[in-house]
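For reference, the structure discussed in these notes is given below.
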Amino acid sequence: MAANDPVVKLLKVIPPGSDFAYESRLIGGTTIPENVIVWAFPDGAETVLDFLAVLEGYDAGGLTFPLKWSASVATGNVEWEMAIRRFADDAEDLDSAHTYAYNTVTAAVPSAVNEVGYDNITFTNGADMDSWADRELAIIRLRRDAQLGNTLDDTASGIAYLWGTHGYETA
């Protein structure tokens, strides 16, 4: 497998039971305008989006998730957080409580409204990614924790729009 080839296959986008990012659209400015579907993470609240995923062709390295995103404002930072919940063979009950351990990137918003930013969240092999192994399912949880007064790292006073992500193996 070549460097940066995706090994994380995103099977479904799953809004969680509460506090979820909502589907939105950004309309382009051409004569026949583009209609880009994005996920909106507003400021002032903890907002979450889950992905059902499987590892395929994984060789026990770390994982990198490039986030492609934009914002409704042109100043401040967005704190993106991601965690992995592994579903080991015959060992994990979806009904059982699980505590997510998040890895974080504090990303400066792009210099103009709706320009796209590219920032990475990384995981090292092992416990940092819930010991996720090849061919296993997992929930990948992406969160913007922008509750007022909760963090000083998320300072953007607008909506952050997730355009997409994938995961690839890093050495």
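In the structure tokens, chains take letters A, B, ... by order of appearance, with residues numbered from 1 within each chain and ligands from 1 in the order shown.
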
Those in range 13-146 of chain A with strand (DSSP E) from DSSP, as an MDAnalysis selection string: chainID A and resid 13:14 22:27 35:41 46:55 62:71 77:87 103:108 117:123 137:145

With a distance cut-off of 12 Å and only C-alpha atoms, select the neighbouring residues of Pro110 in chain A, excluding the residue or stretch itself and same-chain residues fewer than 5 positions from it, and output the selection as an mmCIF file with all heavy atoms, in the first residue's frame.
```cif
data_model
loop_
_atom_site.group_PDB
_atom_site.id
_atom_site.type_symbol
_atom_site.label_atom_id
_atom_site.label_comp_id
_atom_site.auth_asym_id
_atom_site.auth_seq_id
_atom_site.Cartn_x
_atom_site.Cartn_y
_atom_site.Cartn_z
ATOM 1 N N LYS A 68 -11.154 18.415 6.168
ATOM 2 C CA LYS A 68 -11.370 19.453 5.161
ATOM 3 C C LYS A 68 -12.570 20.248 5.645
ATOM 4 O O LYS A 68 -13.661 19.695 5.800
ATOM 5 C CB LYS A 68 -11.649 18.835 3.785
ATOM 6 C CG LYS A 68 -10.452 18.091 3.219
ATOM 7 C CD LYS A 68 -10.754 16.628 3.217
ATOM 8 C CE LYS A 68 -9.641 15.881 2.510
ATOM 9 N NZ LYS A 68 -9.264 14.677 3.229
ATOM 10 N N TRP A 69 -12.383 21.551 5.894
ATOM 11 C CA TRP A 69 -13.432 22.314 6.549
ATOM 12 C C TRP A 69 -13.357 23.784 6.179
ATOM 13 O O TRP A 69 -12.350 24.253 5.657
ATOM 14 C CB TRP A 69 -13.340 22.116 8.059
ATOM 15 C CG TRP A 69 -12.111 22.730 8.673
ATOM 16 C CD1 TRP A 69 -10.831 22.245 8.630
ATOM 17 C CD2 TRP A 69 -12.042 23.946 9.397
ATOM 18 N NE1 TRP A 69 -9.975 23.091 9.281
ATOM 19 C CE2 TRP A 69 -10.695 24.158 9.768
ATOM 20 C CE3 TRP A 69 -12.989 24.901 9.767
ATOM 21 C CZ2 TRP A 69 -10.270 25.257 10.488
ATOM 22 C CZ3 TRP A 69 -12.564 26.001 10.496
ATOM 23 C CH2 TRP A 69 -11.220 26.164 10.852
ATOM 24 N N SER A 70 -14.426 24.497 6.447
ATOM 25 C CA SER A 70 -14.472 25.943 6.251
ATOM 26 C C SER A 70 -15.267 26.541 7.406
ATOM 27 O O SER A 70 -15.740 25.815 8.281
ATOM 28 C CB SER A 70 -15.098 26.304 4.899
ATOM 29 O OG SER A 70 -16.428 25.840 4.815
ATOM 30 N N ALA A 71 -15.419 27.861 7.401
ATOM 31 C CA ALA A 71 -16.120 28.526 8.496
ATOM 32 C C ALA A 71 -16.945 29.694 7.978
ATOM 33 O O ALA A 71 -16.673 30.243 6.910
ATOM 34 C CB ALA A 71 -15.123 29.016 9.551
ATOM 35 N N SER A 72 -17.928 30.070 8.775
ATOM 36 C CA SER A 72 -18.791 31.204 8.433
ATOM 37 C C SER A 72 -18.191 32.527 8.886
ATOM 38 O O SER A 72 -18.801 33.577 8.698
ATOM 39 C CB SER A 72 -20.172 31.020 9.067
ATOM 40 O OG SER A 72 -20.080 31.073 10.480
ATOM 41 N N VAL A 73 -17.003 32.467 9.484
ATOM 42 C CA VAL A 73 -16.273 33.657 9.921
ATOM 43 C C VAL A 73 -14.831 33.541 9.449
ATOM 44 O O VAL A 73 -14.391 32.462 9.055
ATOM 45 C CB VAL A 73 -16.316 33.824 11.470
ATOM 46 C CG1 VAL A 73 -17.731 34.060 11.943
ATOM 47 C CG2 VAL A 73 -15.712 32.613 12.158
ATOM 48 N N ALA A 74 -14.080 34.651 9.502
ATOM 49 C CA ALA A 74 -12.700 34.634 9.007
ATOM 50 C C ALA A 74 -11.686 34.949 10.099
ATOM 51 O O ALA A 74 -10.550 35.287 9.798
ATOM 52 C CB ALA A 74 -12.551 35.617 7.851
ATOM 53 N N THR A 75 -12.079 34.821 11.366
ATOM 54 C CA THR A 75 -11.135 35.040 12.468
ATOM 55 C C THR A 75 -11.373 34.000 13.555
ATOM 56 O O THR A 75 -12.479 33.496 13.725
ATOM 57 C CB THR A 75 -11.299 36.443 13.092
ATOM 58 O OG1 THR A 75 -12.623 36.589 13.592
ATOM 59 C CG2 THR A 75 -10.998 37.534 12.091
ATOM 60 N N GLY A 76 -10.313 33.710 14.290
ATOM 61 C CA GLY A 76 -10.412 32.798 15.425
ATOM 62 C C GLY A 76 -9.890 31.409 15.112
ATOM 63 O O GLY A 76 -9.332 31.150 14.038
ATOM 64 N N ASN A 77 -10.075 30.531 16.066
ATOM 65 C CA ASN A 77 -9.658 29.135 15.957
ATOM 66 C C ASN A 77 -10.846 28.224 16.195
ATOM 67 O O ASN A 77 -11.768 28.575 16.945
ATOM 68 C CB ASN A 77 -8.593 28.798 17.009
ATOM 69 C CG ASN A 77 -7.315 29.560 16.814
ATOM 70 O OD1 ASN A 77 -6.866 29.752 15.693
ATOM 71 N ND2 ASN A 77 -6.722 30.005 17.909
ATOM 72 N N VAL A 78 -10.791 27.042 15.603
ATOM 73 C CA VAL A 78 -11.751 25.982 15.879
ATOM 74 C C VAL A 78 -10.982 24.826 16.495
ATOM 75 O O VAL A 78 -9.943 24.421 15.975
ATOM 76 C CB VAL A 78 -12.488 25.528 14.610
ATOM 77 C CG1 VAL A 78 -13.320 24.280 14.870
ATOM 78 C CG2 VAL A 78 -13.373 26.656 14.087
ATOM 79 N N GLU A 115 -13.540 29.680 2.579
ATOM 80 C CA GLU A 115 -12.336 29.063 2.031
ATOM 81 C C GLU A 115 -12.118 27.767 2.805
ATOM 82 O O GLU A 115 -12.503 27.654 3.963
ATOM 83 C CB GLU A 115 -11.124 29.976 2.198
ATOM 84 C CG GLU A 115 -11.109 31.134 1.250
ATOM 85 C CD GLU A 115 -9.849 31.976 1.354
ATOM 86 O OE1 GLU A 115 -9.049 31.792 2.293
ATOM 87 O OE2 GLU A 115 -9.678 32.838 0.476
ATOM 88 N N VAL A 116 -11.481 26.793 2.168
ATOM 89 C CA VAL A 116 -11.295 25.485 2.791
ATOM 90 C C VAL A 116 -9.959 25.434 3.519
ATOM 91 O O VAL A 116 -8.934 25.860 2.988
ATOM 92 C CB VAL A 116 -11.384 24.359 1.740
ATOM 93 C CG1 VAL A 116 -11.162 22.996 2.387
ATOM 94 C CG2 VAL A 116 -12.734 24.399 1.045
ATOM 95 N N GLY A 117 -9.986 24.914 4.748
ATOM 96 C CA GLY A 117 -8.785 24.660 5.530
ATOM 97 C C GLY A 117 -8.523 23.164 5.587
ATOM 98 O O GLY A 117 -9.452 22.355 5.495
ATOM 99 N N TYR A 118 -7.254 22.802 5.722
ATOM 100 C CA TYR A 118 -6.855 21.403 5.791
ATOM 101 C C TYR A 118 -6.002 21.218 7.044
ATOM 102 O O TYR A 118 -4.894 21.745 7.126
ATOM 103 C CB TYR A 118 -6.054 21.009 4.549
ATOM 104 C CG TYR A 118 -6.835 21.169 3.264
ATOM 105 C CD1 TYR A 118 -6.773 22.348 2.527
ATOM 106 C CD2 TYR A 118 -7.632 20.140 2.791
ATOM 107 C CE1 TYR A 118 -7.490 22.501 1.351
ATOM 108 C CE2 TYR A 118 -8.350 20.280 1.609
ATOM 109 C CZ TYR A 118 -8.280 21.460 0.901
ATOM 110 O OH TYR A 118 -8.991 21.610 -0.262
ATOM 111 N N ASP A 119 -6.525 20.483 8.011
ATOM 112 C CA ASP A 119 -5.815 20.241 9.263
ATOM 113 C C ASP A 119 -5.934 18.769 9.627
ATOM 114 O O ASP A 119 -6.925 18.116 9.289
ATOM 115 C CB ASP A 119 -6.398 21.120 10.368
ATOM 116 C CG ASP A 119 -6.158 22.595 10.094
ATOM 117 O OD1 ASP A 119 -5.052 23.058 10.375
ATOM 118 O OD2 ASP A 119 -7.072 23.263 9.571
ATOM 119 N N ALA A 156 -13.590 30.863 17.469
ATOM 120 C CA ALA A 156 -14.342 31.286 16.287
ATOM 121 C C ALA A 156 -15.818 31.412 16.649
ATOM 122 O O ALA A 156 -16.428 30.468 17.135
ATOM 123 C CB ALA A 156 -14.160 30.289 15.150
ATOM 124 N N ALA A 160 -18.552 26.125 11.991
ATOM 125 C CA ALA A 160 -17.496 25.401 11.286
ATOM 126 C C ALA A 160 -18.174 24.326 10.444
ATOM 127 O O ALA A 160 -19.036 23.592 10.945
ATOM 128 C CB ALA A 160 -16.517 24.776 12.268
ATOM 129 N N TYR A 161 -17.818 24.258 9.148
ATOM 130 C CA TYR A 161 -18.431 23.306 8.227
ATOM 131 C C TYR A 161 -17.433 22.222 7.871
ATOM 132 O O TYR A 161 -16.389 22.508 7.280
ATOM 133 C CB TYR A 161 -18.860 24.006 6.933
ATOM 134 C CG TYR A 161 -19.896 25.082 7.119
ATOM 135 C CD1 TYR A 161 -19.549 26.422 7.026
ATOM 136 C CD2 TYR A 161 -21.230 24.753 7.355
ATOM 137 C CE1 TYR A 161 -20.508 27.416 7.178
ATOM 138 C CE2 TYR A 161 -22.189 25.747 7.511
ATOM 139 C CZ TYR A 161 -21.822 27.071 7.418
ATOM 140 O OH TYR A 161 -22.766 28.051 7.568
#
```

Shortest contact to Ala101 in chain A, candidates A:Asp19, A:Glu136, A:Asp130, A:Asp5, atoms counted only C-alpha atoms, goes to A:Asp130

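Neighbouring residues of Ile121 in chain A at 6 Å or closer, counting only C-alpha atoms and skipping chain neighbours under 2 positions away, are Thr64, Phe65 and Val105 of chain A.
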
One residue among A:Gly167, A:Arg143, A:Val113, A:Arg85 is nearest to Ala127 in chain A when using only C-alpha atoms, and that residue is A:Arg85

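Counting only C-alpha atoms, Glu81 in chain A has the following residues at most 7 Å away, ignoring those fewer than 3 positions along the same chain: Tyr102, Asn103, Thr104, Val105, Leu142, Arg143 and Arg144 of chain A.
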
Write out, as a PDB file, in the first residue's frame, the residues just selected, with C-alpha atoms.
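Resulting contents of selection.pdb:
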```
ATOM      1  CA  TYR A 102     -10.122  12.664  22.267  1.00  0.00           C
ATOM      2  CA  ASN A 103      -7.111  13.774  20.255  1.00  0.00           C
ATOM      3  CA  THR A 104      -7.204  17.433  19.320  1.00  0.00           C
ATOM      4  CA  VAL A 105      -6.117  19.967  16.740  1.00  0.00           C
ATOM      5  CA  LEU A 142     -15.644  14.064  15.620  1.00  0.00           C
ATOM      6  CA  ARG A 143     -16.493  16.884  18.009  1.00  0.00           C
ATOM      7  CA  ARG A 144     -16.323  20.643  18.157  1.00  0.00           C
TER       8      ARG A 144
END
```
